[in-house]
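Some notes on the structure that comes next.
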Amino acid sequence: MNVEEVLKDTLREQAAATGPAAPDLADRVLVARRRRRGRTAVTAVLAVTAVVAAAVLVPRALEDEDRTAGVLDTEDVIAHTDQSPPRDAIAAGRSALAAFQTYKHVKLDGGDVELTRTYGVLDPSTKTYRKTTRWSWLTVAPGLRTAAVLERKLPADRIGILDLATDEVVRWIPVDHKVAAVAFSPDGGRLVATTYEKDPDHWTTGPQMTDGGEPGPQASTRTGFYVLDADKGRGKWHAVPADESNSNARQDFAFSHAGNLVFSDAMGGGDYYDLKGREAAVPDNALHFQPYVDQGISPNGTLVIQDGGAVLDARSGTPVDQLSVQTPLAWADDDRVIAWGCDPKQCDKKGEFRNQLLLVTLHSHKTVPLSDFRKASADYPGRWYPQFTTR
């Protein structure tokens with residue numbers, strides 16, 4: 001089955017666009033892969049995750065007396081239902097929209113294409129989102145003060161620690177094995193950096209081309225991961241080659257809910273390792289956790305929310321609730337979930353592409369909109385994808 005056929009039913013409501021440089025092509029594939037996970041390499045390769053955070057600790061890199069106050073204070077819900085993409089900060093409970101990104105393919109000489117990201121990043125001083133195309137990868141630390149960044153050319157030979165208030169890199173962490181993805185530990189004190197031989201965001205012509213004649217993803221060239229001290233930059237590299245049975249070009253690592261393990265968060269992945277690079281058993285409360293669902297385990301570790309809104313007991317898998325949401329994104333607390341969704345009265349027959357950020361309470365199903373309906377804009381071409389972090 002070719003790519004067009006695989007995506008056809010999920011893309012009915014999108015304007016037709018052809019060729020690798022179509023501005024929303026990567027966006028379409030990214031959305032479709034949640035509905036068609038594991039069916040083609042094209043949907044698999046864009047498993048772009050930003051798994052972060054499960055505790056509210058300011059990263060040690062910038063701890064000082066002037067920076068101990070919370071960036072977004074103590075207001076429970078901060079919503080901007082007239083904004084999409086958002087201009088002003090959005091938050092609910094423990095979680096804040098730390099950044100968001102849009103994607104596009106840029107055509108290269110020779111016919112290859114490169115997946116590029118444009119970020120909107122929360123400025124802790126202005127409480128607004130600052131646009132940047134400076135980085136190939138950006139992930140915000142718990143506390144919303146700093147971010148880990150990678151320069152445009154991947155894989156990179158150093159990791160930057162970015163001060164979000166000044167928009168300046170305060171420290172570079174050099175690495176011997178080149179990196180193409182970075183994620184923070186739940187307490188913000190450590191980084192897991194996934195290493196690759198080649199750029200996983202580079203799509204090529206040749207045998208990898210899709211049936212439609214467009215550049216396609218390469219086989220994953222993952223080589224392993226670092227666990228690094230986020231403040232001192234010290235740590236070790238561990239060899240973990242790519243899973244050849246997994247068609248994702250990206251097979252990035254993220255920290256487990258407890259922060260004592262790392263796991264491969266690609267679709268169909270979920271292999272766990274300890275911080276010394278040894279294979280580890282799946283934690284009891286992650287037996288029903290879907291690795292491609294960001295922050296799928298509740299803060300207290302007792303519940304799991306799955307794609308489509310099913311809420312399960314984390315250990316037994318017993319159904320607890322069913323929320324009318326499309327894609328869960330983060331837990332605001334143990335009883336409320338932030339997700340993409342839509343009021344059926346506004347979305348009837350409009351499909352999954354009509355959605356907004358919602359805060360939904362378990363059992364009562366009380367729903368509070370947090371953003372306007374998702375769409376493209378002049379500043380951020382293409383649909384936007386959120387990155388939530390504990391504040």
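Naming works like this for the structure tokens: A, B, ... for the chains as they're shown, residue 1 at the start of each chain, ligands 1 onward in shown order.
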Q.
Quick one: residues within 7 Å of region 151-155 of chain A, only C-alpha atoms, excluding same-chain residues fewer than 6 positions away - as a ChimeraX atom specification?
A. /A:134-136,178-180,196,198-199
Q) Which residues come within 7 Å of Leu164 (chain A), counting only C-alpha atoms, excluding same-chain residues fewer than 4 positions away, as a list in words? A) Asp123, Pro124, Arg145, Thr146 and Ala147 of chain A
(Q) If we count only C-alpha atoms and set the cut-off at 6 Å, which residues sit around Asn355 (chain A), ignoring sequence neighbours fewer than 4 positions away in its own chain? Please answer as a list in words. (A)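 The filter keeps Trp340, Gly341, Cys342, Phe373 and Arg374 of chain A.
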Q) What is the CA of Phe255 (chain A)-CA of Leu191 (chain A) distance in Å, reported with one decimal? A)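 Computing the Euclidean distance for CA of Phe255 (chain A) and CA of Leu191 (chain A) yields 8.5 Å.
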Q: Step one, run DSSP on the backbone; step two, keep only residues of region 55-173 of chain A assigned to strand (DSSP E); then write them as a ChimeraX atom specification.
A: /A:77-78,91-92,95-107,113-123,128-132,137-140,146-150,156-163,168-173
**Q.** Best match for closeness to Ala183 (chain A) among A:Phe100, A:Gln387, A:Lys345, A:Leu115, counting only C-alpha atoms
**A.**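 Of all the options, A:Gln387 lies closest to Ala183 (chain A).
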Q | Surrounding residues of Ser95 (chain A) excluding itself and chain neighbours under 2 positions, 12 Å, only C-alpha atoms, as number ranges by chain | A | A: 52-56, 71-72, 74-78, 89-93, 97-99, 141-144, 295, 298-299, 329-334, 336-339, 359, 386-391
Q) Which neighbours of Gly277 (chain A) fall inside 9 Å, counting only C-alpha atoms, when residues of the same chain fewer than 5 positions from it are skipped, and could you give them as a PyMOL selection string? A) chain A and resi 224-226+237-240+262
Quick one: write out the picked residues with all heavy atoms as a PDB file, in the first residue's frame?
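For reference, out-v5.pdb as written:
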ATOM      1  N   GLY A 224      22.986   4.668  20.340  1.00  0.00           N
ATOM      2  CA  GLY A 224      22.936   4.534  21.791  1.00  0.00           C
ATOM      3  C   GLY A 224      22.423   5.779  22.461  1.00  0.00           C
ATOM      4  O   GLY A 224      21.715   6.585  21.860  1.00  0.00           O
ATOM      5  N   PHE A 225      22.805   5.953  23.727  1.00  0.00           N
ATOM      6  CA  PHE A 225      22.358   7.133  24.466  1.00  0.00           C
ATOM      7  C   PHE A 225      23.355   7.529  25.541  1.00  0.00           C
ATOM      8  O   PHE A 225      24.112   6.698  26.065  1.00  0.00           O
ATOM      9  CB  PHE A 225      20.981   6.902  25.096  1.00  0.00           C
ATOM     10  CG  PHE A 225      20.939   5.861  26.197  1.00  0.00           C
ATOM     11  CD1 PHE A 225      21.191   6.189  27.530  1.00  0.00           C
ATOM     12  CD2 PHE A 225      20.625   4.536  25.899  1.00  0.00           C
ATOM     13  CE1 PHE A 225      21.138   5.231  28.536  1.00  0.00           C
ATOM     14  CE2 PHE A 225      20.580   3.566  26.895  1.00  0.00           C
ATOM     15  CZ  PHE A 225      20.826   3.919  28.218  1.00  0.00           C
ATOM     16  N   TYR A 226      23.357   8.811  25.854  1.00  0.00           N
ATOM     17  CA  TYR A 226      24.063   9.362  27.013  1.00  0.00           C
ATOM     18  C   TYR A 226      23.061   9.620  28.134  1.00  0.00           C
ATOM     19  O   TYR A 226      21.915  10.010  27.881  1.00  0.00           O
ATOM     20  CB  TYR A 226      24.683  10.722  26.670  1.00  0.00           C
ATOM     21  CG  TYR A 226      25.945  10.720  25.871  1.00  0.00           C
ATOM     22  CD1 TYR A 226      25.911  10.959  24.505  1.00  0.00           C
ATOM     23  CD2 TYR A 226      27.187  10.540  26.487  1.00  0.00           C
ATOM     24  CE1 TYR A 226      27.076  11.008  23.759  1.00  0.00           C
ATOM     25  CE2 TYR A 226      28.359  10.580  25.745  1.00  0.00           C
ATOM     26  CZ  TYR A 226      28.304  10.812  24.383  1.00  0.00           C
ATOM     27  OH  TYR A 226      29.465  10.854  23.649  1.00  0.00           O
ATOM     28  N   TRP A 237      28.241   7.331  27.823  1.00  0.00           N
ATOM     29  CA  TRP A 237      27.518   6.870  26.651  1.00  0.00           C
ATOM     30  C   TRP A 237      27.347   5.358  26.727  1.00  0.00           C
ATOM     31  O   TRP A 237      28.234   4.634  27.181  1.00  0.00           O
ATOM     32  CB  TRP A 237      28.283   7.231  25.386  1.00  0.00           C
ATOM     33  CG  TRP A 237      27.618   6.754  24.125  1.00  0.00           C
ATOM     34  CD1 TRP A 237      26.529   7.294  23.510  1.00  0.00           C
ATOM     35  CD2 TRP A 237      28.013   5.635  23.326  1.00  0.00           C
ATOM     36  NE1 TRP A 237      26.211   6.591  22.375  1.00  0.00           N
ATOM     37  CE2 TRP A 237      27.110   5.572  22.225  1.00  0.00           C
ATOM     38  CE3 TRP A 237      29.041   4.694  23.416  1.00  0.00           C
ATOM     39  CZ2 TRP A 237      27.200   4.591  21.244  1.00  0.00           C
ATOM     40  CZ3 TRP A 237      29.140   3.723  22.427  1.00  0.00           C
ATOM     41  CH2 TRP A 237      28.226   3.672  21.364  1.00  0.00           C
ATOM     42  N   HIS A 238      26.176   4.888  26.303  1.00  0.00           N
ATOM     43  CA  HIS A 238      25.879   3.460  26.305  1.00  0.00           C
ATOM     44  C   HIS A 238      25.418   3.042  24.912  1.00  0.00           C
ATOM     45  O   HIS A 238      24.534   3.679  24.329  1.00  0.00           O
ATOM     46  CB  HIS A 238      24.797   3.141  27.343  1.00  0.00           C
ATOM     47  CG  HIS A 238      25.104   3.660  28.704  1.00  0.00           C
ATOM     48  ND1 HIS A 238      26.069   3.101  29.523  1.00  0.00           N
ATOM     49  CD2 HIS A 238      24.605   4.721  29.390  1.00  0.00           C
ATOM     50  CE1 HIS A 238      26.142   3.781  30.653  1.00  0.00           C
ATOM     51  NE2 HIS A 238      25.265   4.766  30.595  1.00  0.00           N
ATOM     52  N   ALA A 239      26.012   2.010  24.397  1.00  0.00           N
ATOM     53  CA  ALA A 239      25.682   1.537  23.050  1.00  0.00           C
ATOM     54  C   ALA A 239      24.366   0.767  23.061  1.00  0.00           C
ATOM     55  O   ALA A 239      24.228  -0.234  23.762  1.00  0.00           O
ATOM     56  CB  ALA A 239      26.800   0.646  22.522  1.00  0.00           C
ATOM     57  N   VAL A 240      23.403   1.250  22.301  1.00  0.00           N
ATOM     58  CA  VAL A 240      22.138   0.540  22.094  1.00  0.00           C
ATOM     59  C   VAL A 240      21.762   0.747  20.627  1.00  0.00           C
ATOM     60  O   VAL A 240      21.181   1.771  20.262  1.00  0.00           O
ATOM     61  CB  VAL A 240      21.006   1.059  23.002  1.00  0.00           C
ATOM     62  CG1 VAL A 240      19.730   0.255  22.743  1.00  0.00           C
ATOM     63  CG2 VAL A 240      21.395   0.965  24.474  1.00  0.00           C
ATOM     64  N   VAL A 262      15.403   4.607  31.282  1.00  0.00           N
ATOM     65  CA  VAL A 262      15.072   5.285  30.030  1.00  0.00           C
ATOM     66  C   VAL A 262      14.384   4.272  29.136  1.00  0.00           C
ATOM     67  O   VAL A 262      14.540   3.060  29.304  1.00  0.00           O
ATOM     68  CB  VAL A 262      16.318   5.869  29.328  1.00  0.00           C
ATOM     69  CG1 VAL A 262      16.989   6.903  30.208  1.00  0.00           C
ATOM     70  CG2 VAL A 262      17.292   4.776  28.906  1.00  0.00           C
TER      71      VAL A 262
END
(Q) Report as a PyMOL selection string all protein, DNA and RNA residues lying within 9 Å of His365 (chain A), evaluated on only C-alpha atoms, omitting residues in the same chain fewer than 5 positions from it. (A) chain A and resi 323-324+360
Q. Suppose you want the space between CA of Ser185 (chain A) and CA of Ala156 (chain A); what is it in Å?
A.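 Rounded to one decimal, the two atoms are 20.3 Å apart.
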